file final.cif (mmCIF, C-alpha atoms and all ligand atoms)
data_final
loop_
_atom_site.label_atom_id
_atom_site.label_comp_id
_atom_site.auth_asym_id
_atom_site.auth_seq_id
_atom_site.Cartn_x
_atom_site.Cartn_y
_atom_site.Cartn_z
CA MET K 291 7.49 -20.49 3.78
CA ALA K 292 7.89 -18.24 6.86
CA PRO K 293 9.75 -19.87 9.80
CA PRO K 294 7.54 -20.78 12.81
CA PRO K 295 7.30 -18.18 15.62
CA PRO K 296 9.96 -18.51 18.37
CA PRO K 297 9.09 -19.91 21.82
CA LEU K 298 6.78 -17.90 24.10
CA GLY K 299 9.60 -16.43 26.27
CA GLN K 300 11.37 -15.02 23.23
CA ARG K 301 8.11 -13.64 21.84
CA LEU K 302 7.33 -11.91 25.14
CA LEU K 303 10.79 -10.29 25.17
CA GLY K 304 10.21 -9.16 21.59
CA HIS K 305 6.85 -7.64 22.61
CA LEU K 306 8.62 -5.58 25.32
CA ARG K 307 11.36 -4.18 23.07
CA PRO K 308 9.41 -1.07 21.97
CA MET K 309 9.12 -0.14 25.68
CA ILE K 310 12.93 0.08 25.83
CA LEU K 311 12.92 2.42 22.85
CA ILE K 312 10.24 4.61 24.48
CA LEU K 313 12.46 4.92 27.58
CA LEU K 314 15.56 5.75 25.52
CA MET K 315 13.61 8.32 23.54
CA ALA K 316 12.10 9.86 26.68
CA GLN K 317 15.65 10.32 27.95
CA ALA K 318 16.78 11.81 24.61
CA TRP K 319 13.83 14.23 24.59
CA SER K 320 14.59 15.37 28.17
CA VAL K 321 18.30 15.96 27.54
CA THR K 322 17.58 17.73 24.22
CA ILE K 323 15.04 20.08 25.81
CA LEU K 324 17.31 20.77 28.80
CA THR K 325 20.30 21.49 26.55
CA LEU K 326 18.27 23.92 24.44
CA LEU K 327 16.93 25.65 27.55
CA LEU K 328 20.47 26.07 28.90
CA LYS K 329 21.54 27.54 25.56
CA LEU K 330 18.41 29.73 25.54
CA ASP K 331 17.74 28.38 22.03
CA LEU K 332 14.00 29.00 22.20
CA ARG K 333 13.63 29.05 18.43
CA THR K 334 14.62 25.36 18.11
CA LEU K 335 12.68 24.54 21.25
CA PHE K 336 9.46 25.78 19.71
CA THR K 337 10.02 24.37 16.20
CA TYR K 338 8.51 20.93 16.61
CA ASP K 339 10.03 19.28 13.51
CA THR K 340 13.57 20.48 14.28
CA LEU K 341 13.14 19.47 17.91
CA ARG K 342 11.92 15.95 17.11
CA HIS K 343 14.77 15.42 14.64
CA LYS K 344 17.22 16.63 17.30
CA ALA K 345 15.81 14.30 19.96
CA PHE K 346 15.73 11.35 17.57
CA GLY K 347 19.23 12.15 16.31
CA ARG K 348 20.56 12.18 19.89
CA MET K 349 19.12 8.73 20.58
CA TRP K 350 20.11 7.27 17.19
CA ALA K 351 23.70 8.58 17.35
CA LYS K 352 24.10 6.59 20.57
CA TYR K 353 22.09 3.43 19.90
CA GLY K 354 21.57 3.31 16.11
CA ASP K 355 24.47 0.91 15.48
CA LEU K 356 23.27 -1.40 18.22
CA MET K 357 19.75 -1.38 16.78
CA SER K 358 21.15 -2.21 13.35
CA ARG K 359 23.05 -5.38 14.17
CA GLU K 360 20.16 -7.70 13.45
CA MET K 361 18.24 -6.78 10.34
CA PRO K 362 15.30 -8.82 9.08
CA LEU K 363 15.54 -11.53 6.40
CA ASN K 364 17.87 -10.77 3.50
CA THR K 365 18.17 -6.99 4.11
CA ALA K 366 21.99 -7.14 4.07
CA ALA K 367 22.21 -9.20 0.86
CA LEU K 368 19.66 -6.95 -0.82
CA LEU K 369 21.52 -3.75 0.06
CA ALA K 370 24.72 -5.30 -1.31
CA THR K 371 23.07 -5.43 -4.77
CA VAL K 372 22.13 -1.74 -4.92
CA ARG K 373 23.77 -0.05 -7.93
CA GLY K 374 23.85 2.99 -10.21
CA THR K 375 22.42 6.35 -9.15
CA VAL K 376 20.89 5.85 -5.74
CA LEU K 377 18.55 7.73 -3.43
CA ASP K 378 19.15 6.57 0.15
CA LEU K 379 16.18 7.86 2.11
CA GLY K 380 16.59 8.65 5.83
CA PRO K 381 19.97 6.90 6.25
CA GLY K 382 20.39 8.24 9.80
CA SER K 383 23.96 7.84 11.00
CA GLY K 384 24.78 5.47 8.13
CA SER K 385 24.48 2.26 10.13
CA GLN K 386 23.42 0.41 6.96
CA LEU K 387 26.09 1.88 4.69
CA TYR K 388 28.52 -0.93 5.40
CA GLN K 389 26.08 -3.28 3.61
CA PHE K 390 26.36 -1.36 0.32
CA THR K 391 28.89 -2.18 -2.40
CA PRO K 392 30.40 1.24 -3.22
CA GLY K 393 32.14 -0.05 -6.37
CA GLN K 394 28.81 -0.56 -8.15
CA ILE K 395 27.28 2.75 -7.04
CA ASP K 396 27.92 5.75 -9.32
CA VAL K 397 26.59 8.27 -6.85
CA ALA K 398 24.29 8.06 -3.83
CA TYR K 399 22.23 10.84 -2.28
CA GLY K 400 21.59 10.33 1.43
CA VAL K 401 18.51 12.41 2.21
CA GLU K 402 18.49 12.91 5.95
CA PRO K 403 16.45 15.59 7.78
CA ALA K 404 18.15 15.05 11.16
CA VAL K 405 21.13 17.34 10.55
CA ASP K 406 22.81 16.35 13.81
CA LEU K 407 23.44 12.91 12.27
CA HIS K 408 25.20 14.27 9.17
CA VAL K 409 28.70 14.16 10.66
CA LEU K 410 28.33 10.46 11.49
CA LEU K 411 26.71 9.77 8.10
CA ARG K 412 29.57 11.43 6.16
CA ALA K 413 32.13 9.58 8.27
CA ALA K 414 30.36 6.24 7.64
CA ALA K 415 30.32 6.90 3.87
CA GLU K 416 34.03 7.69 3.81
CA LYS K 417 34.85 4.70 5.97
CA ARG K 418 32.84 2.45 3.63
CA GLY K 419 34.88 3.74 0.66
CA PHE K 420 32.43 5.93 -1.23
CA GLU K 421 35.26 8.39 -1.93
CA GLY K 422 33.09 11.48 -2.29
CA ARG K 423 30.30 9.66 -4.18
CA TYR K 424 27.91 9.74 -1.21
CA LYS K 425 26.24 13.17 -1.02
CA VAL K 426 24.43 14.13 2.15
CA VAL K 427 21.28 16.17 1.49
CA THR K 428 19.25 18.00 4.13
CA ALA K 429 15.60 17.29 3.32
CA GLY K 430 12.62 15.16 4.19
CA ALA K 431 10.98 12.58 1.94
CA GLU K 432 7.91 14.76 1.42
CA PRO K 433 7.83 15.89 -2.25
CA GLU K 434 7.73 19.58 -1.28
CA SER K 435 11.02 19.12 0.59
CA LEU K 436 12.72 16.37 -1.44
CA VAL K 437 12.19 17.67 -4.98
CA PRO K 438 13.62 21.20 -4.42
CA ALA K 439 16.55 19.73 -2.44
CA LEU K 440 17.40 17.34 -5.29
CA ALA K 441 17.03 20.20 -7.78
CA ARG K 442 19.53 22.26 -5.73
CA GLU K 443 21.94 19.30 -5.94
CA GLY K 444 21.48 19.36 -9.73
CA VAL K 445 20.08 15.80 -9.74
CA ILE K 446 16.75 16.72 -11.28
CA GLY K 447 15.61 19.46 -13.58
CA GLU K 448 12.18 20.99 -13.89
CA GLY K 449 9.47 18.35 -13.75
CA GLY K 450 11.96 16.26 -11.77
CA ALA K 451 11.20 12.67 -12.68
CA GLU K 452 12.82 9.30 -13.42
CA VAL K 453 16.43 9.89 -12.36
CA PHE K 454 17.27 7.09 -9.90
CA ASP K 455 18.24 3.49 -10.66
CA GLU K 456 17.51 2.53 -7.08
CA ILE K 457 15.73 4.09 -4.12
CA VAL K 458 16.52 2.59 -0.73
CA CYS K 459 14.11 2.81 2.21
CA VAL K 460 15.26 1.07 5.38
CA ARG K 461 13.14 1.73 8.47
CA VAL K 462 12.06 5.13 7.22
CA LEU K 463 8.61 4.87 5.60
CA CYS K 464 7.20 4.13 9.07
CA GLY K 465 7.97 7.73 10.05
CA VAL K 466 7.45 9.93 6.99
CA PRO K 467 4.39 12.15 7.03
CA ARG K 468 1.69 11.33 4.43
CA GLN K 469 3.19 7.99 3.49
CA GLU K 470 1.06 7.32 0.38
CA GLU K 471 1.95 10.67 -1.16
CA VAL K 472 5.64 10.19 -0.30
CA VAL K 473 5.75 6.75 -1.92
CA LYS K 474 4.06 8.08 -5.07
CA GLY K 475 6.71 10.83 -5.14
CA LEU K 476 9.47 8.19 -4.89
CA TYR K 477 7.84 6.22 -7.72
CA ARG K 478 8.04 9.32 -9.94
CA LEU K 479 11.76 9.69 -9.19
CA LEU K 480 12.58 6.10 -10.22
CA LYS K 481 13.70 5.33 -13.77
CA PRO K 482 11.58 2.73 -15.60
CA GLY K 483 13.18 -0.59 -14.66
CA GLY K 484 14.52 0.98 -11.45
CA ARG K 485 14.03 -0.67 -8.07
CA LEU K 486 12.50 0.56 -4.86
CA VAL K 487 14.37 -1.46 -2.22
CA VAL K 488 12.67 -1.71 1.17
CA SER K 489 13.17 -3.12 4.63
CA GLU K 490 10.35 -1.59 6.66
CA HIS K 491 8.37 -2.36 9.77
CA VAL K 492 4.62 -2.47 9.26
CA VAL K 493 1.23 -3.02 10.86
CA ASN K 494 0.87 -6.57 12.18
CA PRO K 495 -0.97 -8.62 9.53
CA TRP K 496 -3.29 -10.01 12.24
CA ARG K 497 -6.02 -11.01 9.81
CA LEU K 498 -3.65 -13.46 8.10
CA LYS K 499 -2.90 -16.91 9.50
CA GLU K 500 0.71 -15.98 10.33
CA GLY K 501 -0.28 -12.65 11.97
CA SER K 502 -1.01 -12.07 15.67
CA ILE K 503 -3.98 -10.33 17.23
CA VAL K 504 -2.01 -9.99 20.48
CA ALA K 505 0.82 -8.17 18.69
CA ARG K 506 -1.72 -5.96 16.87
CA GLY K 507 -3.32 -5.14 20.26
CA LEU K 508 0.12 -4.25 21.63
CA GLN K 509 0.78 -1.99 18.65
CA ILE K 510 -2.42 -0.09 19.56
CA GLY K 511 -1.31 -0.06 23.21
CA TYR K 512 2.12 1.36 22.36
CA HIS K 513 0.49 4.06 20.27
CA LEU K 514 -1.72 4.96 23.26
CA LEU K 515 1.49 5.27 25.31
CA GLY K 516 2.67 7.92 22.84
CA TRP K 517 4.91 5.75 20.63
CA LYS K 518 4.54 8.09 17.64
CA PHE K 519 5.54 11.13 19.69
CA TRP K 520 8.46 9.50 21.53
CA ALA K 521 9.82 7.76 18.43
CA GLY K 522 10.03 10.91 16.31
CA GLY K 523 6.91 10.30 14.19
CA CYS K 524 7.36 6.54 13.71
CA CYS K 525 4.08 4.59 13.33
CA MET K 526 3.41 0.92 13.98
CA ASP K 527 0.11 0.85 12.16
CA ARG K 528 1.09 1.42 8.53
CA ASP K 529 0.18 -0.93 5.71
CA THR K 530 3.32 0.02 3.80
CA GLU K 531 3.01 -2.97 1.47
CA LYS K 532 -0.34 -1.61 0.24
CA SER K 533 1.03 1.94 -0.19
CA LEU K 534 3.96 0.59 -2.19
CA LYS K 535 1.87 -1.64 -4.43
CA GLU K 536 -0.60 1.15 -5.14
CA ALA K 537 2.03 3.83 -5.82
CA GLY K 538 2.24 3.00 -9.52
CA SER K 539 2.66 0.27 -12.06
CA TRP K 540 5.34 -2.32 -11.17
CA SER K 541 6.75 -4.99 -13.48
CA LYS K 542 7.94 -7.09 -10.54
CA ILE K 543 7.16 -7.17 -6.85
CA ALA K 544 9.34 -9.32 -4.59
CA LEU K 545 8.36 -8.64 -0.99
CA GLU K 546 8.59 -11.02 1.93
CA ARG K 547 7.11 -10.75 5.41
CA SER K 548 9.27 -11.33 8.47
CA GLN K 549 8.26 -12.01 12.08
CA SER K 550 4.53 -11.66 11.49
CA TRP K 551 3.98 -12.76 15.10
CA ALA K 552 5.75 -9.60 16.37
CA VAL K 553 4.92 -6.03 17.38
CA ILE K 554 7.56 -4.90 14.90
CA PRO K 555 7.05 -7.18 11.88
CA HIS K 556 8.83 -6.28 8.65
CA ILE K 557 8.49 -6.44 4.92
CA VAL K 558 11.73 -6.85 2.99
CA GLY K 559 12.32 -6.87 -0.75
CA TYR K 560 11.94 -4.72 -3.82
CA LEU K 561 9.56 -3.46 -6.50
CA VAL K 562 10.62 -2.81 -10.10
CA LYS K 563 9.03 0.13 -11.92
CA ALA K 564 7.27 -0.90 -15.14
C1 LIG O 601 14.88 4.41 12.38
S1 LIG O 601 15.92 5.53 11.59
C2 LIG O 601 16.62 4.51 10.34
C3 LIG O 601 17.94 5.00 9.82
C4 LIG O 601 18.54 4.12 8.72
N1 LIG O 601 17.67 4.06 7.56
C5 LIG O 601 18.80 2.74 9.24
O1 LIG O 601 17.97 1.84 9.02
O2 LIG O 601 19.84 2.57 9.91
C6 LIG O 601 14.76 6.54 10.68
C7 LIG O 601 15.43 7.64 9.88
O3 LIG O 601 14.44 8.35 9.11
C8 LIG O 601 14.72 9.73 9.21
N2 LIG O 601 13.49 10.49 8.94
C9 LIG O 601 12.55 10.92 9.81
N3 LIG O 601 11.60 11.64 9.18
C10 LIG O 601 11.94 11.63 7.87
C11 LIG O 601 11.38 12.22 6.70
N4 LIG O 601 10.24 12.93 6.76
N5 LIG O 601 12.01 12.04 5.52
C12 LIG O 601 13.15 11.33 5.44
N6 LIG O 601 13.75 10.75 6.52
C13 LIG O 601 13.15 10.90 7.71
C14 LIG O 601 15.21 9.90 10.63
O4 LIG O 601 15.89 11.11 10.82
C15 LIG O 601 16.10 8.69 10.78
O5 LIG O 601 17.39 8.92 10.34
#
call {"tool": "encode", "arguments": {"input": "final.cif", "output": "structure tokens"}}
result
Amino acid sequence: MAPPPPPLGQRLLGHLRPMILILLMAQAWSVTILTLLLKLDLRTLFTYDTLRHKAFGRMWAKYGDLMSREMPLNTAALLATVRGTVLDLGPGSGSQLYQFTPGQIDVAYGVEPAVDLHVLLRAAAEKRGFEGRYKVVTAGAEPESLVPALAREGVIGEGGAEVFDEIVCVRVLCGVPRQEEVVKGLYRLLKPGGRLVVSEHVVNPWRLKEGSIVARGLQIGYHLLGWKFWAGGCCMDRDTEKSLKEAGSWSKIALERSQSWAVIPHIVGYLVKA
């Protein structure tokens, strides 16, 4: 059973947290744009995707570790069980890598489109003891980007299916474009019996008893304040649990909801491909 919501004061503070992120991101956007203007790098300035990854990367390089100290439910224990050939989607600066158990991972592919974070990501992998078995790949999760990038790495051949024992998505499916298509693409890449491991923030389940209509209203409010733009494409209104369940046939689904009273509630757990 889910724990009861915290006292009102704590809930109010929780409701304000996204505002802090908007302010940090507004600062990161300003500095990124100014830096590019000073360098006369107009090409990057007018390539929206590169620009948003740069701005997000600037903020995450500075505050990512801080924002990773408290992860919902059993995220840490779950990541410690990841094994075999692994796709680590959107690992950022590698703030979660210290949760992995490198000894049980044959090889991991960290697919990260924000190239400015790659130096930190590689350093985190080495520090954690991956000893060259953590490969950093420049790509997005969208099939048209991910599949050719994995083919270049020699992970998949033509047709490109069923190669990973585990696919890890921590706080990334909230921001990928065309989530349903992306998740179906990930399903295709999993081996039968392989796990899709997730710790993701989702739309507030306000229709359920444990959900909150106030938090759902605030999610709409934050979106009106430009949350998606400031936070590099991140959305608060995604029913990721539904997308995951409908992506294909699963032999086991073990997902738990966390902080359903909050503006940033999570689902944590895994799905096993049938
Ligand atoms: C909130 S951060 C989470 C980083 C890391 N997973 C963690 O929890 O510490 C979201 C990450 O997703 C990456 N990202 C954004 N768009 C993406 C896409 N289309 N495909 C894959 N990753 C993406 C961002 O660059 C960023 O590193």
call {"tool": "residues_near_ligand", "arguments": {"input": "final.cif", "ligand": "ligand LIG 601 (chain O)", "cutoff": "8 Å", "atoms": "all atoms listed in the file", "output": "PyMOL selection string"}}
result
chain K and resi 343+346-347+350+354-355+357-358+378-386+401-404+407+429-432+459-463+465-467+522-524
call {"tool": "closest_residue", "arguments": {"input": "final.cif", "among": "K:Ala414, K:Val553, K:Leu561, K:Ala521", "to": "Leu313 (chain K)", "atoms": "only C-alpha atoms"}}
result
K:Ala521
call {"tool": "closest_residue", "arguments": {"input": "final.cif", "among": "K:Leu436, K:Leu387, K:Ile395, K:Val492", "to": "Arg412 (chain K)", "atoms": "all atoms listed in the file"}}
result
K:Leu387
call {"tool": "atom_distance", "arguments": {"input": "final.cif", "atom1": "CA of Tyr477 (chain K)", "atom2": "CA of Met361 (chain K)"}}
result
24.6 Å
call {"tool": "closest_residue", "arguments": {"input": "final.cif", "among": "K:Gly559, K:Gly483, K:Pro495, K:Gly511", "to": "Trp540 (chain K)", "atoms": "only C-alpha atoms"}}
result
K:Gly483
call {"tool": "closest_atom_pairs", "arguments": {"input": "final.cif", "of": "region 327-432 of chain K", "to": "region 444-448 of chain K", "cutoff": "12 Å", "atoms": "only C-alpha atoms", "output": "CSV"}}
result
residue,atom,partner,partner_atom,distance
K:Thr375,CA,K:Val445,CA,9.8
K:Val376,CA,K:Val445,CA,10.8
K:Leu377,CA,K:Val445,CA,10.4
K:Val397,CA,K:Val445,CA,10.4
K:Ala398,CA,K:Val445,CA,10.6
K:Tyr399,CA,K:Val445,CA,9.2
K:Lys425,CA,K:Val445,CA,11.0
K:Val427,CA,K:Val445,CA,11.3
call {"tool": "atom_distance", "arguments": {"input": "final.cif", "atom1": "CA of Asn494 (chain K)", "atom2": "CA of Arg506 (chain K)"}}
result
5.4 Å
call {"tool": "residues_around", "arguments": {"input": "final.cif", "residues": "Ala367 (chain K)", "least_positions_apart": "2", "cutoff": "12 Å", "atoms": "all atoms listed in the file", "output": "compact mmCIF listing (two decimals) with C-alpha atoms, in the coordinates of the input"}}
result
# COMPACT_ATOMS: atom_id res chain seq x y z
CA MET K 361 18.24 -6.78 10.34
CA PRO K 362 15.30 -8.82 9.08
CA LEU K 363 15.54 -11.53 6.40
CA ASN K 364 17.87 -10.77 3.50
CA THR K 365 18.17 -6.99 4.11
CA LEU K 369 21.52 -3.75 0.06
CA ALA K 370 24.72 -5.30 -1.31
CA THR K 371 23.07 -5.43 -4.77
CA VAL K 372 22.13 -1.74 -4.92
CA GLN K 386 23.42 0.41 6.96
CA TYR K 388 28.52 -0.93 5.40
CA GLN K 389 26.08 -3.28 3.61
CA PHE K 390 26.36 -1.36 0.32
CA THR K 391 28.89 -2.18 -2.40
CA VAL K 487 14.37 -1.46 -2.22
CA SER K 489 13.17 -3.12 4.63
CA VAL K 558 11.73 -6.85 2.99
CA GLY K 559 12.32 -6.87 -0.75
call {"tool": "atom_distance", "arguments": {"input": "final.cif", "atom1": "CA of Gly400 (chain K)", "atom2": "CA of Leu545 (chain K)"}}
result
23.3 Å
call {"tool": "residues_around", "arguments": {"input": "final.cif", "residues": "region 528-539 of chain K", "least_positions_apart": "3", "cutoff": "9 Å", "atoms": "all atoms listed in the file", "output": "PyMOL selection string"}}
result
chain K and resi 463-464+469-471+473-478+486+490-495+525+543+545+557+561-564
call {"tool": "residues_near_point", "arguments": {"input": "final.cif", "point": "(18.6, 11.6, 20.6)", "cutoff": "8 Å", "atoms": "only C-alpha atoms", "output": "PyMOL selection string"}}
result
chain K and resi 315+318-319+322+344-352
call {"tool": "closest_residue", "arguments": {"input": "final.cif", "among": "K:Gly422, K:His408, K:Asp396, K:Leu311", "to": "Trp517 (chain K)", "atoms": "all atoms listed in the file"}}
result
K:Leu311
call {"tool": "closest_residue", "arguments": {"input": "final.cif", "among": "K:Leu330, K:Met526, K:Leu411, K:Leu440", "to": "Val426 (chain K)", "atoms": "only C-alpha atoms"}}
result
K:Leu411
call {"tool": "closest_residue", "arguments": {"input": "final.cif", "among": "K:Ser548, K:Gly304, K:Pro293, K:Gly393", "to": "Ala505 (chain K)", "atoms": "only C-alpha atoms"}}
result
K:Gly304
